[in-house]
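Text of the file data.cif, holding mmCIF, C-alpha atoms and all ligand atoms:
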```
data_work
#
loop_
_atom_site.group_PDB
_atom_site.id
_atom_site.type_symbol
_atom_site.label_atom_id
_atom_site.label_comp_id
_atom_site.auth_asym_id
_atom_site.auth_seq_id
_atom_site.Cartn_x
_atom_site.Cartn_y
_atom_site.Cartn_z
ATOM 1 C CA MET A 20 -1.429 31.570 12.227
ATOM 2 C CA SER A 21 -4.020 30.988 9.530
ATOM 3 C CA ASN A 22 -1.452 28.860 7.661
ATOM 4 C CA PHE A 23 -1.436 26.402 10.489
ATOM 5 C CA ASN A 24 -5.212 26.268 10.665
ATOM 6 C CA ASP A 25 -5.378 25.733 6.906
ATOM 7 C CA LEU A 26 -2.820 22.941 7.119
ATOM 8 C CA PHE A 27 -4.744 21.378 9.958
ATOM 9 C CA CYS A 28 -8.047 21.446 8.053
ATOM 10 C CA ILE A 29 -6.421 19.953 4.967
ATOM 11 C CA SER A 30 -4.803 17.256 7.102
ATOM 12 C CA MET A 31 -8.094 16.348 8.703
ATOM 13 C CA ALA A 32 -9.725 16.112 5.296
ATOM 14 C CA PHE A 33 -7.139 13.507 4.280
ATOM 15 C CA LEU A 34 -7.305 11.596 7.552
ATOM 16 C CA PRO A 35 -9.512 8.774 6.215
ATOM 17 C CA LEU A 36 -6.955 8.081 3.484
ATOM 18 C CA PHE A 37 -4.113 7.640 5.889
ATOM 19 C CA ASN A 38 -4.506 4.224 7.298
ATOM 20 C CA THR A 39 -6.345 1.622 5.337
ATOM 21 C CA THR A 40 -4.824 -1.744 4.543
ATOM 22 C CA ASN A 41 -2.405 -1.624 1.633
ATOM 23 C CA GLU A 42 -2.857 2.102 1.256
ATOM 24 C CA THR A 43 -0.944 4.507 3.461
ATOM 25 C CA THR A 44 0.554 7.905 3.023
ATOM 26 C CA ALA A 45 3.569 6.490 4.802
ATOM 27 C CA ASP A 46 4.803 4.442 1.871
ATOM 28 C CA ASN A 47 4.796 7.491 -0.399
ATOM 29 C CA GLN A 48 6.702 9.522 2.157
ATOM 30 C CA TYR A 49 9.429 6.962 2.563
ATOM 31 C CA ASN A 50 9.772 6.166 -1.102
ATOM 32 C CA THR A 51 10.760 9.782 -1.634
ATOM 33 C CA ILE A 52 13.186 10.072 1.261
ATOM 34 C CA ALA A 53 14.479 6.495 1.610
ATOM 35 C CA LYS A 54 18.029 7.156 0.420
ATOM 36 C CA LYS A 55 18.517 10.301 2.472
ATOM 37 C CA TYR A 56 16.941 8.683 5.543
ATOM 38 C CA SER A 57 19.323 5.764 5.204
ATOM 39 C CA GLU A 58 22.340 8.090 4.958
ATOM 40 C CA LEU A 59 21.355 10.095 8.039
ATOM 41 C CA VAL A 60 19.601 7.710 10.413
ATOM 42 C CA VAL A 61 22.452 6.040 12.292
ATOM 43 C CA GLU A 62 24.331 9.246 13.058
ATOM 44 C CA ASN A 63 21.200 11.150 14.089
ATOM 45 C CA ASN A 64 19.340 8.474 16.048
ATOM 46 C CA GLN A 65 22.203 7.359 18.284
ATOM 47 C CA ASP A 66 20.270 7.863 21.535
ATOM 48 C CA SER A 67 17.267 5.782 20.522
ATOM 49 C CA ILE A 68 19.395 3.185 18.724
ATOM 50 C CA THR A 69 21.480 2.654 21.881
ATOM 51 C CA ALA A 70 18.391 2.356 24.124
ATOM 52 C CA TYR A 71 16.635 0.034 21.671
ATOM 53 C CA PHE A 72 19.559 -2.368 21.304
ATOM 54 C CA ARG A 73 19.955 -2.447 25.068
ATOM 55 C CA CYS A 74 16.357 -3.748 25.187
ATOM 56 C CA LEU A 75 17.196 -6.179 22.390
ATOM 57 C CA ASP A 76 20.003 -7.712 24.397
ATOM 58 C CA ILE A 77 18.181 -11.057 24.469
ATOM 59 C CA PRO A 78 19.201 -14.463 23.109
ATOM 60 C CA MET A 79 18.642 -14.482 19.349
ATOM 61 C CA ASN A 80 20.861 -17.272 18.115
ATOM 62 C CA GLY A 81 18.779 -19.448 15.782
ATOM 63 C CA LYS A 82 15.623 -17.422 16.501
ATOM 64 C CA SER A 83 13.303 -16.215 13.769
ATOM 65 C CA VAL A 84 12.996 -12.439 14.028
ATOM 66 C CA LEU A 85 10.577 -10.158 12.163
ATOM 67 C CA ASP A 86 11.216 -6.407 11.893
ATOM 68 C CA LEU A 87 8.036 -4.417 11.172
ATOM 69 C CA GLY A 88 8.781 -1.228 9.223
ATOM 70 C CA CYS A 89 12.376 -2.383 8.766
ATOM 71 C CA GLY A 90 13.279 0.690 6.712
ATOM 72 C CA ASP A 91 16.779 0.445 5.246
ATOM 73 C CA GLY A 92 17.562 -2.781 7.147
ATOM 74 C CA TYR A 93 20.129 -1.328 9.552
ATOM 75 C CA ASP A 94 18.505 -3.002 12.565
ATOM 76 C CA LEU A 95 18.261 -6.343 10.754
ATOM 77 C CA SER A 96 21.943 -6.171 9.872
ATOM 78 C CA ARG A 97 22.768 -5.874 13.582
ATOM 79 C CA ILE A 98 20.313 -8.563 14.645
ATOM 80 C CA LYS A 99 21.769 -11.084 12.221
ATOM 81 C CA LEU A 100 25.162 -10.707 13.927
ATOM 82 C CA LYS A 101 23.463 -12.270 16.961
ATOM 83 C CA GLY A 102 22.684 -15.379 14.903
ATOM 84 C CA ALA A 103 19.030 -14.560 14.169
ATOM 85 C CA LEU A 104 17.171 -15.652 11.044
ATOM 86 C CA ILE A 105 15.976 -12.303 9.790
ATOM 87 C CA CYS A 106 12.743 -11.253 8.111
ATOM 88 C CA GLY A 107 11.401 -7.770 7.529
ATOM 89 C CA ILE A 108 8.482 -5.939 6.028
ATOM 90 C CA ASP A 109 8.050 -2.349 4.967
ATOM 91 C CA SER A 110 5.454 -0.507 2.893
ATOM 92 C CA SER A 111 8.136 1.366 0.935
ATOM 93 C CA GLN A 112 9.610 -0.370 -2.106
ATOM 94 C CA GLU A 113 12.632 1.968 -2.018
ATOM 95 C CA MET A 114 13.346 1.077 1.610
ATOM 96 C CA ILE A 115 12.948 -2.635 0.896
ATOM 97 C CA GLU A 116 15.522 -2.441 -1.887
ATOM 98 C CA ILE A 117 18.119 -0.830 0.397
ATOM 99 C CA ALA A 118 17.305 -3.311 3.194
ATOM 100 C CA GLN A 119 17.684 -6.275 0.845
ATOM 101 C CA GLN A 120 21.039 -4.990 -0.450
ATOM 102 C CA LYS A 121 22.299 -4.722 3.122
ATOM 103 C CA ASN A 122 20.873 -8.144 4.023
ATOM 104 C CA PRO A 123 20.887 -10.446 0.979
ATOM 105 C CA GLU A 124 20.189 -13.442 3.213
ATOM 106 C CA GLY A 125 17.096 -11.837 4.768
ATOM 107 C CA ASN A 126 13.510 -12.548 3.801
ATOM 108 C CA ILE A 127 12.423 -8.955 3.285
ATOM 109 C CA LYS A 128 9.101 -8.102 1.661
ATOM 110 C CA ILE A 129 6.712 -5.324 0.933
ATOM 111 C CA GLY A 130 3.990 -5.571 3.543
ATOM 112 C CA TYR A 131 1.723 -3.648 5.887
ATOM 113 C CA PHE A 132 1.415 -3.797 9.643
ATOM 114 C CA ASP A 133 -2.265 -4.686 9.478
ATOM 115 C CA ASN A 134 -1.747 -7.445 6.891
ATOM 116 C CA ILE A 135 1.623 -9.085 7.593
ATOM 117 C CA PRO A 136 2.613 -11.420 4.737
ATOM 118 C CA PHE A 137 3.805 -14.289 6.936
ATOM 119 C CA ALA A 138 2.108 -17.409 8.283
ATOM 120 C CA ASP A 139 0.652 -17.806 11.764
ATOM 121 C CA HIS A 140 3.101 -18.472 14.623
ATOM 122 C CA SER A 141 6.215 -17.956 12.461
ATOM 123 C CA PHE A 142 8.354 -15.807 14.768
ATOM 124 C CA ASP A 143 10.141 -16.095 18.106
ATOM 125 C CA VAL A 144 10.735 -12.347 18.241
ATOM 126 C CA VAL A 145 8.965 -9.383 16.632
ATOM 127 C CA ILE A 146 10.692 -6.003 16.697
ATOM 128 C CA SER A 147 10.001 -2.537 15.349
ATOM 129 C CA LYS A 148 11.582 0.902 15.650
ATOM 130 C CA TRP A 149 10.224 4.371 14.803
ATOM 131 C CA SER A 150 7.413 2.933 12.695
ATOM 132 C CA PHE A 151 4.160 2.192 14.567
ATOM 133 C CA GLN A 152 3.376 5.894 15.004
ATOM 134 C CA GLN A 153 2.604 6.001 11.290
ATOM 135 C CA SER A 154 -0.340 3.664 11.604
ATOM 136 C CA MET A 155 -3.791 5.026 12.278
ATOM 137 C CA ASP A 156 -4.836 1.933 14.223
ATOM 138 C CA ILE A 157 -2.323 0.513 16.720
ATOM 139 C CA ASP A 158 -4.702 -2.304 17.778
ATOM 140 C CA SER A 159 -4.693 -3.689 14.224
ATOM 141 C CA ILE A 160 -0.902 -4.044 14.514
ATOM 142 C CA TYR A 161 -1.203 -5.928 17.811
ATOM 143 C CA ARG A 162 -3.750 -8.319 16.309
ATOM 144 C CA GLU A 163 -1.419 -9.135 13.422
ATOM 145 C CA ILE A 164 1.630 -9.538 15.667
ATOM 146 C CA ALA A 165 -0.420 -11.819 17.923
ATOM 147 C CA ARG A 166 -1.133 -13.955 14.856
ATOM 148 C CA VAL A 167 2.424 -14.260 13.477
ATOM 149 C CA ILE A 168 4.329 -14.552 16.769
ATOM 150 C CA LYS A 169 4.738 -17.849 18.658
ATOM 151 C CA ALA A 170 3.277 -18.427 22.122
ATOM 152 C CA ASN A 171 5.588 -16.761 24.682
ATOM 153 C CA GLY A 172 7.327 -14.947 21.811
ATOM 154 C CA GLN A 173 9.010 -11.629 22.550
ATOM 155 C CA LEU A 174 7.786 -8.265 21.229
ATOM 156 C CA VAL A 175 10.136 -5.270 21.475
ATOM 157 C CA TYR A 176 9.213 -2.008 19.841
ATOM 158 C CA LEU A 177 10.085 1.668 19.905
ATOM 159 C CA SER A 178 7.603 4.276 18.702
ATOM 160 C CA ALA A 179 7.286 8.059 18.688
ATOM 161 C CA HIS A 180 6.153 9.233 22.120
ATOM 162 C CA PRO A 181 2.620 10.692 22.186
ATOM 163 C CA ILE A 182 4.059 13.722 24.011
ATOM 164 C CA ARG A 183 6.305 14.333 21.023
ATOM 165 C CA GLN A 184 3.316 14.133 18.699
ATOM 166 C CA PHE A 185 1.465 16.534 21.008
ATOM 167 C CA ILE A 186 4.339 19.004 20.710
ATOM 168 C CA ASP A 187 4.304 18.455 16.952
ATOM 169 C CA LYS A 188 0.797 19.959 16.898
ATOM 170 C CA LYS A 189 2.800 23.198 17.188
ATOM 171 C CA ARG A 190 0.080 25.669 18.033
ATOM 172 C CA THR A 191 -1.678 26.953 21.098
ATOM 173 C CA GLY A 192 -4.861 25.207 22.205
ATOM 174 C CA LYS A 193 -3.494 21.769 21.357
ATOM 175 C CA ASP A 194 -5.718 18.798 22.208
ATOM 176 C CA TYR A 195 -3.713 15.716 23.225
ATOM 177 C CA PHE A 196 -6.709 13.427 22.754
ATOM 178 C CA LYS A 197 -7.723 14.584 19.265
ATOM 179 C CA LYS A 198 -6.385 12.534 16.386
ATOM 180 C CA GLU A 199 -4.668 14.799 13.873
ATOM 181 C CA ILE A 200 -2.003 14.439 11.256
ATOM 182 C CA VAL A 201 1.178 15.904 12.731
ATOM 183 C CA GLU A 202 4.455 16.640 11.047
ATOM 184 C CA ALA A 203 7.648 15.657 12.832
ATOM 185 C CA VAL A 204 10.786 17.480 11.761
ATOM 186 C CA PHE A 205 13.955 15.559 12.506
ATOM 187 C CA PHE A 206 17.655 15.091 11.792
ATOM 188 C CA ASP A 207 18.339 18.785 12.293
ATOM 189 C CA GLY A 208 15.495 19.832 10.029
ATOM 190 C CA GLN A 209 16.681 17.712 7.115
ATOM 191 C CA LEU A 210 13.688 15.344 7.030
ATOM 192 C CA ARG A 211 9.983 15.432 7.842
ATOM 193 C CA GLU A 212 7.416 12.741 8.500
ATOM 194 C CA LYS A 213 3.665 12.997 8.711
ATOM 195 C CA SER A 214 1.826 10.658 11.034
ATOM 196 C CA PRO A 215 -1.483 10.442 12.898
ATOM 197 C CA SER A 216 -1.189 11.485 16.529
ATOM 198 C CA HIS A 217 -1.716 8.843 19.216
ATOM 199 C CA THR A 218 -2.333 8.689 22.941
ATOM 200 C CA MET A 219 -0.642 6.342 25.395
ATOM 201 C CA ASN A 220 -4.065 4.695 25.808
ATOM 202 C CA GLU A 221 -3.854 3.495 22.221
ATOM 203 C CA TYR A 222 -0.518 1.789 22.824
ATOM 204 C CA LEU A 223 -1.413 0.281 26.225
ATOM 205 C CA SER A 224 -4.891 -0.680 25.100
ATOM 206 C CA PRO A 225 -7.172 -3.551 26.135
ATOM 207 C CA THR A 226 -6.170 -5.275 22.872
ATOM 208 C CA PHE A 227 -2.505 -5.072 23.895
ATOM 209 C CA PHE A 228 -3.258 -6.659 27.274
ATOM 210 C CA LYS A 229 -5.468 -9.289 25.649
ATOM 211 C CA PHE A 230 -2.467 -10.657 23.769
ATOM 212 C CA PHE A 231 0.657 -9.593 25.684
ATOM 213 C CA ILE A 232 2.209 -9.286 29.120
ATOM 214 C CA LEU A 233 4.044 -5.990 29.551
ATOM 215 C CA GLU A 234 7.611 -6.690 30.673
ATOM 216 C CA SER A 235 9.130 -3.231 30.583
ATOM 217 C CA TYR A 236 8.466 0.334 29.518
ATOM 218 C CA GLU A 237 10.948 3.145 29.142
ATOM 219 C CA GLU A 238 10.941 6.571 27.548
ATOM 220 C CA GLY A 239 13.724 8.827 26.422
ATOM 221 C CA ASN A 240 14.745 11.787 24.347
ATOM 222 C CA ASP A 241 16.611 11.424 21.099
ATOM 223 C CA ARG A 242 18.739 14.427 20.189
ATOM 224 C CA GLY A 243 17.736 13.836 16.552
ATOM 225 C CA ALA A 244 14.229 15.080 17.406
ATOM 226 C CA GLU A 245 13.145 18.644 16.700
ATOM 227 C CA LYS A 246 13.900 21.281 19.312
ATOM 228 C CA VAL A 247 10.646 23.150 19.822
ATOM 229 C CA ASP A 248 10.903 26.281 21.992
ATOM 230 C CA GLY A 249 13.832 24.666 23.775
ATOM 231 C CA ASP A 250 11.489 22.086 25.339
ATOM 232 C CA ILE A 251 12.976 18.876 26.659
ATOM 233 C CA TYR A 252 10.479 16.068 26.178
ATOM 234 C CA PRO A 253 10.355 12.300 25.608
ATOM 235 C CA SER A 254 10.578 11.702 21.886
ATOM 236 C CA TYR A 255 10.239 7.931 22.026
ATOM 237 C CA PHE A 256 9.180 5.057 24.245
ATOM 238 C CA ILE A 257 10.143 1.377 24.175
ATOM 239 C CA ILE A 258 7.847 -1.481 25.122
ATOM 240 C CA LYS A 259 9.038 -4.990 25.818
ATOM 241 C CA ALA A 260 6.264 -7.577 26.018
ATOM 242 C CA ARG A 261 5.622 -11.296 25.760
ATOM 243 C CA ARG A 262 2.871 -13.058 23.847
ATOM 244 C CA LEU A 263 0.466 -14.808 26.165
ATOM 245 C CA PRO A 264 0.264 -18.563 25.470
HETATM 246 C C1 LIG B 301 10.896 6.212 10.394
HETATM 247 S S1 LIG B 301 11.038 4.816 9.354
HETATM 248 C C2 LIG B 301 11.847 3.681 10.456
HETATM 249 C C3 LIG B 301 12.694 2.682 9.752
HETATM 250 C C4 LIG B 301 13.567 1.806 10.663
HETATM 251 N N1 LIG B 301 12.766 0.915 11.482
HETATM 252 C C5 LIG B 301 14.454 2.654 11.532
HETATM 253 O O1 LIG B 301 14.343 2.605 12.756
HETATM 254 O O2 LIG B 301 15.287 3.385 10.967
HETATM 255 C C6 LIG B 301 9.392 4.159 9.303
HETATM 256 C C7 LIG B 301 9.241 3.024 8.327
HETATM 257 O O3 LIG B 301 7.955 2.423 8.495
HETATM 258 C C8 LIG B 301 7.410 2.138 7.224
HETATM 259 N N2 LIG B 301 5.944 2.081 7.366
HETATM 260 C C9 LIG B 301 5.114 3.079 7.692
HETATM 261 N N3 LIG B 301 3.847 2.654 7.752
HETATM 262 C C10 LIG B 301 3.876 1.340 7.459
HETATM 263 C C11 LIG B 301 2.864 0.318 7.392
HETATM 264 N N4 LIG B 301 1.576 0.593 7.629
HETATM 265 N N5 LIG B 301 3.251 -0.934 7.069
HETATM 266 C C12 LIG B 301 4.569 -1.218 6.837
HETATM 267 N N6 LIG B 301 5.557 -0.296 6.893
HETATM 268 C C13 LIG B 301 5.207 0.966 7.218
HETATM 269 C C14 LIG B 301 7.913 3.289 6.348
HETATM 270 O O4 LIG B 301 7.896 2.968 4.981
HETATM 271 C C15 LIG B 301 9.317 3.494 6.880
HETATM 272 O O5 LIG B 301 10.290 2.746 6.205
#
```
The structure in this file should be written as structure tokens.
Ligand SMILES: C[S@@+](CC[C@H](N)C(=O)[O-])C[C@H]1O[C@@H](n2cnc3c(N)ncnc32)[C@H](O)[C@@H]1O
Amino acid sequence: MSNFNDLFCISMAFLPLFNTTNETTADNQYNTIAKKYSELVVENNQDSITAYFRCLDIPMNGKSVLDLGCGDGYDLSRIKLKGALICGIDSSQEMIEIAQQKNPEGNIKIGYFDNIPFADHSFDVVISKWSFQQSMDIDSIYREIARVIKANGQLVYLSAHPIRQFIDKKRTGKDYFKKEIVEAVFFDGQLREKSPSHTMNEYLSPTFFKFFILESYEEGNDRGAEKVDGDIYPSYFIIKARRLP
């Protein structure tokens, strides 16, 4: 038990380091595990991939599409089959290299959610999957998307469900509302990711509604998520929204 408390205290001590622009723990994590993640992701994330691409069943031919936290570029390689002009950013150099190999025609760059290296009003569609949970400040992502997306542009993203992050606190006396670094174990225990916990309030925040109209919300369970005490819980949610003019 004391191990968990120790881990928690250490995590909290590092909390201020986790988010800031151009400096995240996330990029270090994914540099180390990029290759393995890329080998395992499609097989292990089938449930969320299927749900996400169902939401992405929108006209993309000739549209400029930006993937935030594009990882190994799997999603971009599917989007381009729909005729989209593909761009992506990720904080991990290792991930970017794999994504660029898969998508030589894509404009894929190192970049951070809170400082997106593209001009204002560049994109018809902004997408993201399994990435926003790693940011400390979800509102800063919305502000940047609002800047780079066109008026009436479409935002579709999937993120780790706050209930999953609550379960990832993995101790008794958990506090849903308290921001902590949690460790998600996934792909049958083969990979781990640390991220700051979030509440649903942070995702459906006043900043979100300042810039976007919510078009749909759905939540689901991906079998690639950790089984904790046999609990069945939503491991992800998907938001579809449109930029207000
Ligand atoms: C779990 S992976 C998801 C990759 C891909 N979207 C997928 O669904 O397989 C999360 C990705 O987000 C990236 N990432 C995390 N924080 C980031 C940030 N602040 N800015 C840009 N990329 C970030 C990581 O480097 C990693 O590649």
Give the residue list for ligand LIG 301 (chain B) at 6 Å, counting only C-alpha atoms and all ligand atoms, as a CSV table (one decimal) with C-alpha atoms, keeping the file's coordinate frame, sorted by chain and then by residue number.
```csv
chain,number,residue,atom,x,y,z
A,45,ALA,CA,3.6,6.5,4.8
A,46,ASP,CA,4.8,4.4,1.9
A,49,TYR,CA,9.4,7.0,2.6
A,88,GLY,CA,8.8,-1.2,9.2
A,89,CYS,CA,12.4,-2.4,8.8
A,90,GLY,CA,13.3,0.7,6.7
A,109,ASP,CA,8.0,-2.3,5.0
A,110,SER,CA,5.5,-0.5,2.9
A,111,SER,CA,8.1,1.4,0.9
A,114,MET,CA,13.3,1.1,1.6
A,130,GLY,CA,4.0,-5.6,3.5
A,131,TYR,CA,1.7,-3.6,5.9
A,132,PHE,CA,1.4,-3.8,9.6
A,147,SER,CA,10.0,-2.5,15.3
A,148,LYS,CA,11.6,0.9,15.6
A,149,TRP,CA,10.2,4.4,14.8
A,150,SER,CA,7.4,2.9,12.7
A,153,GLN,CA,2.6,6.0,11.3
A,154,SER,CA,-0.3,3.7,11.6
```
*I need the residue set behind the PyMOL selection byres (((chain A and resi 86) around 7) and not hetatm) for this file; please write it as an MDAnalysis selection string.*
chainID A and resid 84:85 87:89 106:108 145:147
*Choose the residue, out of A:Phe256, A:Gly192, A:Glu245, A:Asp139, that has the smallest atom-to-atom separation from Arg211 in chain A; count only C-alpha atoms.*
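The answer is A:Glu245, which sits nearest to Arg211 in chain A.
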*With all atoms listed in the file as the atoms that count, which of A:Phe228, A:Tyr93, A:Tyr252, A:Phe137 lies nearest to Ile186 in chain A?*
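Residue with the minimum atom-to-atom distance to Ile186 in chain A: A:Tyr252.
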*asked:* Just want the 12 Å neighbourhood of Phe196 in chain A, counted on all atoms listed in the file, with same-chain residues fewer than 4 positions away dropped. Output as a ChimeraX atom specification.
replied: /A:181-182,184-185,188,192,215-221
Create the file for the chosen residues now, containing C-alpha atoms and written as a tab-separated table (two decimals), in the coordinates of the input.
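Heads up, here's the output in selection-v1.tsv:
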```
chain	number	residue	atom	x	y	z
A	181	PRO	CA	2.62	10.69	22.19
A	182	ILE	CA	4.06	13.72	24.01
A	184	GLN	CA	3.32	14.13	18.70
A	185	PHE	CA	1.46	16.53	21.01
A	188	LYS	CA	0.80	19.96	16.90
A	192	GLY	CA	-4.86	25.21	22.20
A	215	PRO	CA	-1.48	10.44	12.90
A	216	SER	CA	-1.19	11.48	16.53
A	217	HIS	CA	-1.72	8.84	19.22
A	218	THR	CA	-2.33	8.69	22.94
A	219	MET	CA	-0.64	6.34	25.40
A	220	ASN	CA	-4.07	4.70	25.81
A	221	GLU	CA	-3.85	3.50	22.22
```
*So which residues get picked by the PyMOL selection byres (((chain A and resi 202-205) around 9) and not hetatm) here, written as a PyMOL selection string?*
chain A and resi 63+183-184+187-188+200-201+206-215+243-246
Quick one: write out the picked residues with C-alpha atoms as a CSV table (one decimal), in the frame of the given file?
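Writing the result to out.csv gives the following:
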```csv
chain,number,residue,atom,x,y,z
A,63,ASN,CA,21.2,11.2,14.1
A,183,ARG,CA,6.3,14.3,21.0
A,184,GLN,CA,3.3,14.1,18.7
A,187,ASP,CA,4.3,18.5,17.0
A,188,LYS,CA,0.8,20.0,16.9
A,200,ILE,CA,-2.0,14.4,11.3
A,201,VAL,CA,1.2,15.9,12.7
A,206,PHE,CA,17.7,15.1,11.8
A,207,ASP,CA,18.3,18.8,12.3
A,208,GLY,CA,15.5,19.8,10.0
A,209,GLN,CA,16.7,17.7,7.1
A,210,LEU,CA,13.7,15.3,7.0
A,211,ARG,CA,10.0,15.4,7.8
A,212,GLU,CA,7.4,12.7,8.5
A,213,LYS,CA,3.7,13.0,8.7
A,214,SER,CA,1.8,10.7,11.0
A,215,PRO,CA,-1.5,10.4,12.9
A,243,GLY,CA,17.7,13.8,16.6
A,244,ALA,CA,14.2,15.1,17.4
A,245,GLU,CA,13.1,18.6,16.7
A,246,LYS,CA,13.9,21.3,19.3
```
Apply the PyMOL selection byres (((chain A and resi 80) around 9) and not hetatm) to the file shown and report the selected residues as a PDB file with C-alpha atoms, in the frame of the given file.
```pdb
ATOM      1  CA  PRO A  78      19.201 -14.463  23.109  1.00  0.00           C
ATOM      2  CA  MET A  79      18.642 -14.482  19.349  1.00  0.00           C
ATOM      3  CA  GLY A  81      18.779 -19.448  15.782  1.00  0.00           C
ATOM      4  CA  LYS A  82      15.623 -17.422  16.501  1.00  0.00           C
ATOM      5  CA  SER A  83      13.303 -16.215  13.769  1.00  0.00           C
ATOM      6  CA  LYS A  99      21.769 -11.084  12.221  1.00  0.00           C
ATOM      7  CA  LEU A 100      25.162 -10.707  13.927  1.00  0.00           C
ATOM      8  CA  LYS A 101      23.463 -12.270  16.961  1.00  0.00           C
ATOM      9  CA  GLY A 102      22.684 -15.379  14.903  1.00  0.00           C
ATOM     10  CA  ALA A 103      19.030 -14.560  14.169  1.00  0.00           C
ATOM     11  CA  LEU A 104      17.171 -15.652  11.044  1.00  0.00           C
TER      12      LEU A 104
END
```
*Near Ile232 in chain A, within 8 Å and counting only C-alpha atoms, which residues show up once chain neighbours fewer than 5 positions away are dropped, as an MDAnalysis selection string?*
chainID A and resid 260:263
*Selected residue, from A:Arg97, A:Lys198, A:Arg190, A:His180, that lies nearest to Val247 in chain A when counting all atoms listed in the file*: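 The answer is A:Arg190, which sits nearest to Val247 in chain A.
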*asked:* Which residue is closest to Asn126 in chain A? Choose from A:His140, A:Asn47, A:Leu95, A:Glu199 and count all atoms listed in the file.
replied: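 Result for the nearest residue to Asn126 in chain A: A:Leu95.
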*asked:* Just the number, please: distance in Å from CA of Thr226 in chain A to CA of Ala179 in chain A, one decimal.
replied: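 Straight-line distance from CA of Thr226 in chain A to CA of Ala179 in chain A works out to 19.4 Å.
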*Pick from A:Val144, A:Ile251, A:Leu59, A:Ile68: nearest to Ala165 in chain A, with only C-alpha atoms counted?*
A:Val144
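If you measure from each of A:Gly172, A:Gly92, A:Pro264, A:Pro136 to Glu124 in chain A using all atoms listed in the file, the closest one turns out to be A:Gly92.
For the pair CA of Leu233 in chain A and CA of Arg162 in chain A, the separation is 15.5 Å.
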*Interatomic distance between CA of Glu116 in chain A and CA of Asp94 in chain A?*
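These atoms are spaced 14.8 Å apart.
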Please complete range 223-237 of chain A with N, CA and C atoms and give it back as a CSV table (one decimal), in the frame of the given file.
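Output file result-v9.csv follows:
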```
chain,number,residue,atom,x,y,z
A,223,LEU,N,-1.2,1.2,25.1
A,223,LEU,CA,-1.4,0.3,26.2
A,223,LEU,C,-2.9,0.0,26.3
A,224,SER,N,-3.4,-0.5,25.3
A,224,SER,CA,-4.9,-0.7,25.1
A,224,SER,C,-5.4,-2.0,25.6
A,225,PRO,N,-6.7,-2.2,25.8
A,225,PRO,CA,-7.2,-3.6,26.1
A,225,PRO,C,-6.7,-4.6,25.1
A,226,THR,N,-6.6,-4.3,23.9
A,226,THR,CA,-6.2,-5.3,22.9
A,226,THR,C,-4.7,-5.7,23.2
A,227,PHE,N,-3.9,-4.7,23.5
A,227,PHE,CA,-2.5,-5.1,23.9
A,227,PHE,C,-2.5,-6.1,25.0
A,228,PHE,N,-3.3,-5.8,26.1
A,228,PHE,CA,-3.3,-6.7,27.3
A,228,PHE,C,-4.0,-8.0,27.0
A,229,LYS,N,-4.8,-8.0,26.0
A,229,LYS,CA,-5.5,-9.3,25.6
A,229,LYS,C,-4.4,-10.3,25.1
A,230,PHE,N,-3.4,-9.8,24.4
A,230,PHE,CA,-2.5,-10.7,23.8
A,230,PHE,C,-1.1,-10.7,24.4
A,231,PHE,N,-0.7,-9.7,25.2
A,231,PHE,CA,0.7,-9.6,25.7
A,231,PHE,C,0.7,-9.3,27.2
A,232,ILE,N,1.9,-9.7,27.8
A,232,ILE,CA,2.2,-9.3,29.1
A,232,ILE,C,3.3,-8.2,29.0
A,233,LEU,N,3.1,-7.1,29.6
A,233,LEU,CA,4.0,-6.0,29.6
A,233,LEU,C,5.2,-6.4,30.4
A,234,GLU,N,6.4,-6.3,29.9
A,234,GLU,CA,7.6,-6.7,30.7
A,234,GLU,C,8.4,-5.5,31.1
A,235,SER,N,8.5,-4.5,30.2
A,235,SER,CA,9.1,-3.2,30.6
A,235,SER,C,8.7,-2.1,29.7
A,236,TYR,N,8.8,-0.9,30.2
A,236,TYR,CA,8.5,0.3,29.5
A,236,TYR,C,9.5,1.3,29.9
A,237,GLU,N,10.1,2.0,28.8
A,237,GLU,CA,10.9,3.1,29.1
A,237,GLU,C,10.8,4.2,28.1
```
